[in-house]
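**Student:** I'd like to ask you about the structure that follows.
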There are 4 protein chains.
Amino acid sequence: MIIIMKHGASQSEISNVAARVEQMGFQVHLSRGEERTIIGVIGNERPFNREQMERMSGVERTVPVLRPFKLASREFHPHNTVFELGGVTFGGPEVVIMAGPCSVESREQVLETARAVKEAGAKVLRGGAFKPRTSPYSFQGLGEEGLRYMAEAREETGLLVITEVMEPEKVPLVSAYADILQIGARSMQNYALLHAVGESQKPVMLKRGMMSTIEELLMSAEYILSHGNERVLVCERGIRTFEPYTRNTLDVSAIPLLKDLTHLPVIADPSHGTGKWELVAPMAMASVAAGADGLIIEVHPRPEEALSDGAQSLKPRRFKELMTSLSSIAAVVDRVVEGA
Amino acid sequence: MIIIMKHGASQSEISNVAARVEQMGFQVHLSRGEERTIIGVIGNERPFNREQMERMSGVERTVPVLRPFKLASREFHPHNTVFELGGVTFGGPEVVIMAGPCSVESREQVLETARAVKEAGAKVLRGGAFKPRTSPYSFQGLGEEGLRYMAEAREETGLLVITEVMEPEKVPLVSAYADILQIGARSMQNYALLHAVGESQKPVMLKRGMMSTIEELLMSAEYILSHGNERVLVCERGIRTFEPYTRNTLDVSAIPLLKDLTHLPVIADPSHGTGKWELVAPMAMASVAAGADGLIIEVHPRPEEALSDGAQSLKPRRFKELMTSLSSIAAVVDRVVEGA
Amino acid sequence: MIIIMKHGASQSEISNVAARVEQMGFQVHLSRGEERTIIGVIGNERPFNREQMERMSGVERTVPVLRPFKLASREFHPHNTVFELGGVTFGGPEVVIMAGPCSVESREQVLETARAVKEAGAKVLRGGAFKPRTSPYSFQGLGEEGLRYMAEAREETGLLVITEVMEPEKVPLVSAYADILQIGARSMQNYALLHAVGESQKPVMLKRGMMSTIEELLMSAEYILSHGNERVLVCERGIRTFEPYTRNTLDVSAIPLLKDLTHLPVIADPSHGTGKWELVAPMAMASVAAGADGLIIEVHPRPEEALSDGAQSLKPRRFKELMTSLSSIAAVVDRVVEGA
Amino acid sequence: MIIIMKHGASQSEISNVAARVEQMGFQVHLSRGEERTIIGVIGNERPFNREQMERMSGVERTVPVLRPFKLASREFHPHNTVFELGGVTFGGPEVVIMAGPCSVESREQVLETARAVKEAGAKVLRGGAFKPRTSPYSFQGLGEEGLRYMAEAREETGLLVITEVMEPEKVPLVSAYADILQIGARSMQNYALLHAVGESQKPVMLKRGMMSTIEELLMSAEYILSHGNERVLVCERGIRTFEPYTRNTLDVSAIPLLKDLTHLPVIADPSHGTGKWELVAPMAMASVAAGADGLIIEVHPRPEEALSDGAQSLKPRRFKELMTSLSSIAAVVDRVVEGA
């Protein structure tokens, strides 16, 4: 950490800050410029309380030198995290495609969608049984009934199942049915939930909050990792900007940036990332071109009847066409979309 | 709701959409312009699924006519919500001042701060026992021990106690000690938690998420109200923008806007809203000038030793000076800061 | 346009608004719902002053039905704008690559870069002679001398030349040297400049402002088109968001969205869009996968000596490798990168 | 400046960077931590090209230590800039109120408004003769005719005149009529224009761009100051955020922050800052409570007929009431609103 003193900070202010740093067990490195004195703090600064320093007399601001995440960082873990689940390898050469409806609405809808996406080459079935909805008057999901339909679809198709868990106490229930636990964007900083999935034995896909920086996403991954669960996927799903023509702005550059900063597999969600089905195919292709390790895509047999997110869902036929294009894009970047 | 058809939508596309609207139990009102046909949907549109309509052939977009919140809206509840708690009236002429440390750190720190803010005129003691922290390596709060110190401070000073609850299953525990339950910015869309505090008997202060719209804030209030709890305070605490010189941008205009849209009391948090103690006093005064019904302010006897948020905490002496200024500003807008 | 009246608007308020609309030469279409009355305005609303209506008693808000741009819209001009310039076709099957240094720094630097990018397959040489710089203390460009070097490079290599013009009165001077005039992000709403390039005979590349919506970009294109210049390229170059790890967030979804909304060719700038050279290649590939008609990329023989934007410039060798990848991606989306 | 080397940077990378810094005439200060080496650059870093350094092998990022503005900074110019113009003192104890219509529409409209705002206590008449409009189809202002009406209003009422100039070559014309030149938000980074008004003898009010940081605003002020014009007012007028209920988000905290960072007088614009007349009064009061040196407010005798910005204009009667409230708020912060 670096402490930048105010222009005109007095000698005693500088000494007080330096003394405090040493008292906290760090070494001090002083550097006097023409306009400012700078105090370097040598040591592992991660547990350091920067705010205390910023409140000391004569201090202008502090600048962290180290990234605040460690378990999630590629620096301390240079090799990609690769893991296998039910015959599917995450973080390897395959770009894993997850697809399915936004919400589980009925047994038939789930089975019909599962068969279609399986046939098109998807490896994982997505579908929400517990739905976070802005309005208390909107459909809130089928709950455990929905989980059972998902499990039945897995039975029949061999697809893995990913579904969202929203509360710590529901982790055991959802884990009984799902292969991968999804932490939604609104829950990215629900620390009790991160703690609970960190202690579970299930792989976790952590979505970036629509208001969260890349650093905050990796700090939330750090919570899960620090509770002992190493199988974490991080997912870019669009951030909130001033642009009103799209529901969110899919931050495609977050994909290569995350690949550089972390060893965890990086997934992209072009459905929530845009909110418009017409944009899903180009953004799915862009995401693979930019290096994504997987995609999660909303597919519904009759989007105009979907109980949620119909506007951003692909029909099975179009999803199948997209899989062919994705396979070609993947080849250009030395990756593979299997089964397409 | 209004459905705007695409330029060149066919007659059969228009008929299909109209038929679907009627089938859902709404009346249709058709209007053909030179370039576009518009379909008005007459009836209570709140449970209407706009996305389904947007996915129908020939539809360009839909525009809601009604605000999606009803219980929280002033339209359906024109009179201010006013309630009394331990001798303090919220939503009335008094601008209620809540103050205290960011985190409860020790018994002595809480008692010392409580005495100081009481003496300066505050009516409610704030203090965090369960702390949401971006880093798993930061101080996470004292937990129930912290709640006990808060309760002891209430005993001694007569101040009410407000503190954050982060998990649904902790609602009973926190309710046993606190007078007001705080829902933090990161939890604004934690629906299980909103449900839980909605069913409790305690007043709730709901903070706006750092990247949540005013409409989303009121939708979250609607969750609490719809579960039967009518004593809800909404709190503006700064939104995330591109400006790096402040931690957040306190959206002062949200205060008069909320007063217009909702009957619920509106609180402002100039400490989190700016992140810099130097800005707390001017922004506190600005908030009262703009019509706030209350303020929540961080005060710490020794901010340079605070385990969290030291940079934005006022010392007791400065808080006392601020209370005098607030009292004068309040008088200009026909309000009162008592005890100052 | 739709005028939404307030809940409880009186009959006379409704009549006044309707009368005013008719007086302005529009037809009125009234629709009374349970909670709100809506007044549809039939006719070409583009010159309509919505703000006047919003100020009338009883009006809650207005909603435009038509897009405010007309000349730029695909609706009124369904076919792609395609034009040929010095043997290069813009808006056709070729993805046109423009490359070169941020700033023209010397004759040698420009010639060396021009040869390298030509050899790699670029068709247009970029380079700034007049530089918009945030600081008055930064290098402001070589001015006309720089333009001469660019022209010399064209002479030698056959590349077209694109360069920025920042002032209306400099349009003739820059036009004397350049093949395409660039309007930078900071000038997107410099209306006198848009007017001047609209009246010139030169093609124009209009960059999206870093905090401008897609609609505003197309309105600025409308200015140029309405002054008689039909050869306009629109360029996505990154928008400002809350994310600090990148200089800007390249809005890749703007590419397919613009292709849908306008007939004008769409260019992407992955250099300014990210600010980091490591991200340029993946984002260039993502942009082509998403449907871009061209790219503009910063290339410098010695980025670590560049007088501006060194951090986001590619070296010629890496640019050449990128051209090969771009060619493969283009093939997947039925486009071509020639010469690569 | 501080250069942070990558984790694992080699000794030769460190030496190369250090050598380069010294070669540029700066002193080097090396500090080796456990995980990172840091290179301090001692000397006036303002003309330093950080991007070159960031492009050198082994460098992770650079951090500026000094603020990039100097002439505008309070550090180098501790005393407030105070200047007198036609009997009105800017930057002194008086909070100067400027008021008038968005656009000059007719001789009668300007004179009527001028008389009303003068009578209510305003000192400066605002009004646009050259109007920046998003749409080429909107009213673009009366041009010189509008300037003449403004001058006539000054003659009659004694008010000073402030009006916007949009092009460098119009500076002499506008200066012939106006007392203060306004640089609009869209022109904040129009450097040719900043240069031109910097060389004029007229005071300048520089508005913050809707997408600009406080640092960028002060850098643009630096342009004007560095060209010899010391009479600069900076104006907060609302920034663009994700919130759709207001046109912009008035960043009230920018007022005390600017007062701390710069010696220049700080003006607030609650009309553009909110876009809604109902919010103008509370936000005007909030701005004065937060320390503004002046306000600029839109007033129109018949807002529902205004050719621009009707929705955010106050009627004269309401403006007069507001002046009384402002006077009371000013007294609380030891300022004065004269004539009210």
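Each chain in the structure tokens gets a letter, A, B, ..., in the order shown, and its residues are numbered from 1; ligands are numbered from 1 in order too.
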Please determine the contact residues of chain B with respect to chain C at a cut-off of 12 Å, counting only C-alpha atoms, and supply them as a CSV table (one decimal) with N, CA, C and O atoms, in the first residue's frame.

**Tutor:**
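The resulting iface-v7.csv:
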chain,number,residue,atom,x,y,z
B,1,MET,N,-51.0,-0.4,-20.2
B,1,MET,CA,-49.8,-0.7,-21.0
B,1,MET,C,-50.1,-0.3,-22.5
B,1,MET,O,-51.2,-0.4,-22.9
B,2,ILE,N,-49.1,0.1,-23.1
B,2,ILE,CA,-49.2,0.4,-24.6
B,2,ILE,C,-48.3,-0.5,-25.3
B,2,ILE,O,-47.1,-0.7,-24.9
B,3,ILE,N,-48.8,-1.1,-26.4
B,3,ILE,CA,-47.9,-1.9,-27.2
B,3,ILE,C,-47.7,-1.2,-28.5
B,3,ILE,O,-48.7,-0.8,-29.2
B,4,ILE,N,-46.4,-0.9,-28.8
B,4,ILE,CA,-46.1,-0.2,-30.1
B,4,ILE,C,-45.7,-1.2,-31.1
B,4,ILE,O,-44.7,-2.0,-30.9
B,5,MET,N,-46.4,-1.3,-32.2
B,5,MET,CA,-46.1,-2.3,-33.3
B,5,MET,C,-45.0,-1.7,-34.2
B,5,MET,O,-44.8,-0.5,-34.3
B,6,LYS,N,-44.3,-2.6,-34.8
B,6,LYS,CA,-43.3,-2.2,-35.7
B,6,LYS,C,-43.8,-1.5,-36.9
B,6,LYS,O,-45.0,-1.7,-37.3
B,7,HIS,N,-43.0,-0.6,-37.5
B,7,HIS,CA,-43.3,0.0,-38.8
B,7,HIS,C,-43.6,-1.1,-39.8
B,7,HIS,O,-42.7,-2.0,-39.9
B,8,GLY,N,-44.7,-1.1,-40.4
B,8,GLY,CA,-45.0,-2.1,-41.4
B,8,GLY,C,-45.5,-3.4,-40.8
B,8,GLY,O,-45.6,-4.5,-41.5
B,9,ALA,N,-45.9,-3.4,-39.6
B,9,ALA,CA,-46.5,-4.6,-39.0
B,9,ALA,C,-47.8,-5.0,-39.8
B,9,ALA,O,-48.6,-4.1,-40.2
B,26,PHE,N,-58.1,-8.3,-20.9
B,26,PHE,CA,-58.0,-6.9,-20.9
B,26,PHE,C,-58.8,-6.3,-22.1
B,26,PHE,O,-59.0,-7.1,-23.1
B,27,GLN,N,-59.1,-5.1,-22.1
B,27,GLN,CA,-59.7,-4.4,-23.2
B,27,GLN,C,-58.6,-3.9,-24.1
B,27,GLN,O,-57.6,-3.5,-23.7
B,28,VAL,N,-59.0,-3.8,-25.4
B,28,VAL,CA,-58.0,-3.3,-26.4
B,28,VAL,C,-58.5,-2.0,-26.9
B,28,VAL,O,-59.6,-1.8,-27.1
B,29,HIS,N,-57.5,-1.1,-27.1
B,29,HIS,CA,-57.8,0.2,-27.7
B,29,HIS,C,-56.8,0.4,-28.8
B,29,HIS,O,-55.6,0.7,-28.6
B,30,LEU,N,-57.3,0.4,-30.1
B,30,LEU,CA,-56.4,0.4,-31.2
B,30,LEU,C,-56.2,1.9,-31.7
B,30,LEU,O,-57.2,2.6,-31.8
B,31,SER,N,-55.0,2.2,-32.1
B,31,SER,CA,-54.8,3.6,-32.7
B,31,SER,C,-53.8,3.5,-33.8
B,31,SER,O,-52.7,3.1,-33.6
B,32,ARG,N,-54.2,3.9,-35.0
B,32,ARG,CA,-53.4,3.7,-36.2
B,32,ARG,C,-52.8,5.1,-36.6
B,32,ARG,O,-53.5,6.0,-36.9
B,33,GLY,N,-51.5,5.2,-36.5
B,33,GLY,CA,-50.9,6.5,-36.9
B,33,GLY,C,-50.3,6.3,-38.3
B,33,GLY,O,-50.5,5.3,-39.0
B,34,GLU,N,-49.6,7.3,-38.8
B,34,GLU,CA,-49.1,7.2,-40.2
B,34,GLU,C,-48.0,6.2,-40.2
B,34,GLU,O,-47.9,5.5,-41.2
B,35,GLU,N,-47.2,6.1,-39.2
B,35,GLU,CA,-46.0,5.2,-39.3
B,35,GLU,C,-46.1,4.0,-38.4
B,35,GLU,O,-45.4,3.0,-38.6
B,36,ARG,N,-47.0,4.1,-37.4
B,36,ARG,CA,-47.1,3.0,-36.4
B,36,ARG,C,-48.5,2.8,-35.9
B,36,ARG,O,-49.3,3.7,-35.9
B,37,THR,N,-48.8,1.5,-35.6
B,37,THR,CA,-50.1,1.2,-35.0
B,37,THR,C,-49.8,1.0,-33.5
B,37,THR,O,-48.7,0.4,-33.1
B,38,ILE,N,-50.6,1.5,-32.6
B,38,ILE,CA,-50.5,1.4,-31.2
B,38,ILE,C,-51.7,0.6,-30.6
B,38,ILE,O,-52.8,0.9,-31.0
B,39,ILE,N,-51.4,-0.3,-29.7
B,39,ILE,CA,-52.4,-1.0,-29.1
B,39,ILE,C,-52.4,-0.7,-27.6
B,39,ILE,O,-51.5,-1.0,-26.9
B,40,GLY,N,-53.5,0.0,-27.1
B,40,GLY,CA,-53.6,0.3,-25.7
B,40,GLY,C,-54.3,-0.9,-25.0
B,40,GLY,O,-55.2,-1.5,-25.5
B,41,VAL,N,-53.7,-1.2,-23.8
B,41,VAL,CA,-54.2,-2.3,-23.0
B,41,VAL,C,-54.9,-1.7,-21.8
B,41,VAL,O,-54.3,-1.0,-21.0
B,42,ILE,N,-56.2,-1.9,-21.7
B,42,ILE,CA,-57.0,-1.2,-20.7
B,42,ILE,C,-57.3,-2.2,-19.5
B,42,ILE,O,-57.8,-3.3,-19.8
B,43,GLY,N,-56.9,-1.8,-18.3
B,43,GLY,CA,-57.1,-2.7,-17.2
B,43,GLY,C,-55.9,-2.6,-16.3
B,43,GLY,O,-55.0,-1.9,-16.6
B,44,ASN,N,-56.0,-3.3,-15.1
B,44,ASN,CA,-54.8,-3.3,-14.2
B,44,ASN,C,-53.7,-4.1,-14.8
B,44,ASN,O,-53.7,-5.3,-14.7
B,45,GLU,N,-52.7,-3.4,-15.3
B,45,GLU,CA,-51.6,-4.0,-16.0
B,45,GLU,C,-50.5,-4.6,-15.1
B,45,GLU,O,-49.6,-5.2,-15.6
B,46,ARG,N,-50.6,-4.4,-13.8
B,46,ARG,CA,-49.5,-4.7,-13.0
B,46,ARG,C,-49.1,-6.2,-13.1
B,46,ARG,O,-47.9,-6.5,-13.2
B,60,GLU,N,-42.9,-4.0,-31.6
B,60,GLU,CA,-41.6,-3.3,-31.4
B,60,GLU,C,-41.2,-3.2,-29.9
B,60,GLU,O,-40.1,-3.6,-29.5
B,61,ARG,N,-42.1,-2.7,-29.1
B,61,ARG,CA,-41.8,-2.6,-27.7
B,61,ARG,C,-43.1,-2.3,-27.0
B,61,ARG,O,-44.1,-2.0,-27.6
B,62,THR,N,-43.1,-2.4,-25.6
B,62,THR,CA,-44.2,-2.1,-24.8
B,62,THR,C,-43.8,-1.0,-23.8
B,62,THR,O,-42.7,-0.8,-23.5
B,63,VAL,N,-44.8,-0.2,-23.5
B,63,VAL,CA,-44.6,0.9,-22.5
B,63,VAL,C,-45.6,0.8,-21.4
B,63,VAL,O,-46.8,0.8,-21.6
B,64,PRO,N,-45.1,0.6,-20.1
B,64,PRO,CA,-46.1,0.6,-19.0
B,64,PRO,C,-46.6,1.9,-18.8
B,64,PRO,O,-46.0,3.0,-19.0
B,65,VAL,N,-47.9,2.0,-18.5
B,65,VAL,CA,-48.6,3.3,-18.2
B,65,VAL,C,-48.6,3.5,-16.7
B,65,VAL,O,-48.3,4.6,-16.2
B,66,LEU,N,-48.9,2.5,-15.9
B,66,LEU,CA,-49.0,2.6,-14.5
B,66,LEU,C,-47.6,2.3,-13.8
B,66,LEU,O,-46.8,1.6,-14.3
B,67,ARG,N,-47.4,3.0,-12.7
B,67,ARG,CA,-46.3,2.7,-11.9
B,67,ARG,C,-46.4,1.2,-11.4
B,67,ARG,O,-47.6,0.9,-11.0
B,70,LYS,N,-47.8,-0.2,-5.9
B,70,LYS,CA,-49.2,0.3,-5.5
B,70,LYS,C,-49.3,0.6,-4.1
B,70,LYS,O,-49.6,1.7,-3.7
B,73,SER,N,-47.2,3.5,-3.2
B,73,SER,CA,-47.4,4.8,-4.0
B,73,SER,C,-48.3,5.8,-3.3
B,73,SER,O,-49.3,5.4,-2.6
B,74,ARG,N,-48.0,7.0,-3.4
B,74,ARG,CA,-48.8,8.1,-2.9
B,74,ARG,C,-50.1,8.2,-3.5
B,74,ARG,O,-51.1,8.6,-2.9
B,75,GLU,N,-50.2,7.8,-4.8
B,75,GLU,CA,-51.4,7.8,-5.6
B,75,GLU,C,-52.5,7.1,-4.8
B,75,GLU,O,-53.7,7.5,-4.8
B,76,PHE,N,-52.2,5.9,-4.3
B,76,PHE,CA,-53.2,5.1,-3.7
B,76,PHE,C,-53.2,5.2,-2.2
B,76,PHE,O,-54.0,4.6,-1.5
B,78,PRO,N,-52.6,8.7,-0.3
B,78,PRO,CA,-52.1,10.1,-0.4
B,78,PRO,C,-51.5,10.6,0.9
B,78,PRO,O,-50.6,11.5,0.8
B,210,MET,N,-26.9,0.4,-4.5
B,210,MET,CA,-26.0,1.4,-5.0
B,210,MET,C,-26.2,1.5,-6.5
B,210,MET,O,-25.7,2.5,-7.1
B,211,MET,N,-26.8,0.6,-7.1
B,211,MET,CA,-27.1,0.8,-8.6
B,211,MET,C,-28.5,0.4,-8.9
B,211,MET,O,-28.8,-0.1,-9.9
B,239,ILE,N,-25.5,6.5,-5.0
B,239,ILE,CA,-25.5,5.5,-6.1
B,239,ILE,C,-24.1,5.5,-6.7
B,239,ILE,O,-23.3,6.4,-6.5
B,240,ARG,N,-23.9,4.4,-7.5
B,240,ARG,CA,-22.6,4.3,-8.1
B,240,ARG,C,-22.6,5.0,-9.5
B,240,ARG,O,-23.5,4.8,-10.3
B,241,THR,N,-21.6,5.8,-9.7
B,241,THR,CA,-21.5,6.5,-10.9
B,241,THR,C,-20.1,6.4,-11.4
B,241,THR,O,-19.3,5.7,-10.8
B,242,PHE,N,-19.7,7.1,-12.5
B,242,PHE,CA,-18.4,7.1,-13.0
B,242,PHE,C,-17.4,8.0,-12.3
B,242,PHE,O,-16.2,8.0,-12.6
B,243,GLU,N,-17.9,8.8,-11.3
B,243,GLU,CA,-17.0,9.7,-10.6
B,243,GLU,C,-16.2,9.1,-9.6
B,243,GLU,O,-16.7,8.5,-8.6
B,244,PRO,N,-14.8,9.1,-9.7
B,244,PRO,CA,-14.0,8.4,-8.7
B,244,PRO,C,-13.6,9.2,-7.5
B,244,PRO,O,-13.1,8.6,-6.5
B,247,ARG,N,-16.9,8.1,-3.0
B,247,ARG,CA,-17.2,6.6,-3.0
B,247,ARG,C,-18.5,6.3,-3.7
B,247,ARG,O,-18.6,5.3,-4.4
B,248,ASN,N,-19.5,7.2,-3.5
B,248,ASN,CA,-20.8,7.1,-4.2
B,248,ASN,C,-21.2,8.5,-4.5
B,248,ASN,O,-20.6,9.4,-4.0
B,249,THR,N,-22.3,8.6,-5.3
B,249,THR,CA,-22.8,9.9,-5.5
B,249,THR,C,-24.2,10.0,-4.8
B,249,THR,O,-25.1,9.3,-5.2
B,261,LEU,N,-43.5,10.4,-4.8
B,261,LEU,CA,-44.0,9.2,-5.3
B,261,LEU,C,-44.5,8.3,-4.2
B,261,LEU,O,-45.4,7.4,-4.5

**Student:** Please provide the set of residues having any atom within 10 Å of C:His263, restricted to only C-alpha atoms, with same-chain residues fewer than 3 positions apart removed, written as a count of residues only.

**Tutor:** 19

**Student:** Could you name the residues that touch stretch 142-152 of chain D at 6 Å or less, counting only C-alpha atoms, but leaving out those on the same chain fewer than 4 positions away, as a list in words?

**Tutor:**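 The filter keeps Val104, Arg107, Ala129, Phe130 and Tyr177 of chain D.
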
**Student:** List the spatial neighbours of stretch 222-225 of chain B as a list in words - criterion: any atom at most 9 Å away, only C-alpha atoms, same-chain residues fewer than 5 positions off excluded.

**Tutor:**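 My list of contacting residues is Thr134, Ser135, Pro136 and Tyr137 of chain A; Phe69, Lys70, Leu71, Ala72, Ser73, Tyr191, Leu194, His195, Ala196, Val197, Gly198, Glu199, Val204, Leu217, Glu230, Arg231 and Val232 of chain B.
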
**Student:** Determine, counting only C-alpha atoms, which protein, DNA and RNA residues have an atom within 12 Å of an atom of C:Asp309; residues of the same chain fewer than 5 positions away are not included. Present the result as an MDAnalysis selection string.

**Tutor:** (chainID C and resid 100:104 127:128 131 133 138:139 247 271:277 297:300 302:304 314) or (chainID D and resid 49:55)

**Student:** Please identify the strand (DSSP E or B) residues within stretch 78-297 of chain C (assignment by DSSP from backbone atoms) and present them as a PyMOL selection string.

**Tutor:** chain C and resi 83-85+88-90+94+96-100+103+124-126+128+160-164+180-183+204-207+232-236+239+249+262+266-268+294-297

**Student:** Do you have the atom CA of D:Ala268-atom CA of D:Leu250 distance handy?

**Tutor:**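 Rounded to one decimal, the two atoms are 8.6 Å apart.
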
**Student:** Could you please determine the separation between atom CA of D:Ser57 and atom CA of C:Phe319 in Å, to one decimal place?

**Tutor:**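 Taking atom CA of D:Ser57 as the start and atom CA of C:Phe319 as the end point, the length is 18.1 Å.
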
**Student:** Taking the backbone alone, and naming residues the way the document does, which bits of stretch 63-218 of chain D are alpha helix (DSSP H) by DSSP, as a VMD selection string?

**Tutor:** chain D and resid 107 to 120 144 to 157 171 to 177 191 to 199 214 to 218

**Student:** To one decimal place in Å, what is the distance between atom CA of C:Glu112 and atom CA of C:Pro301?

**Tutor:**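 Those two atoms sit 7.4 Å apart.
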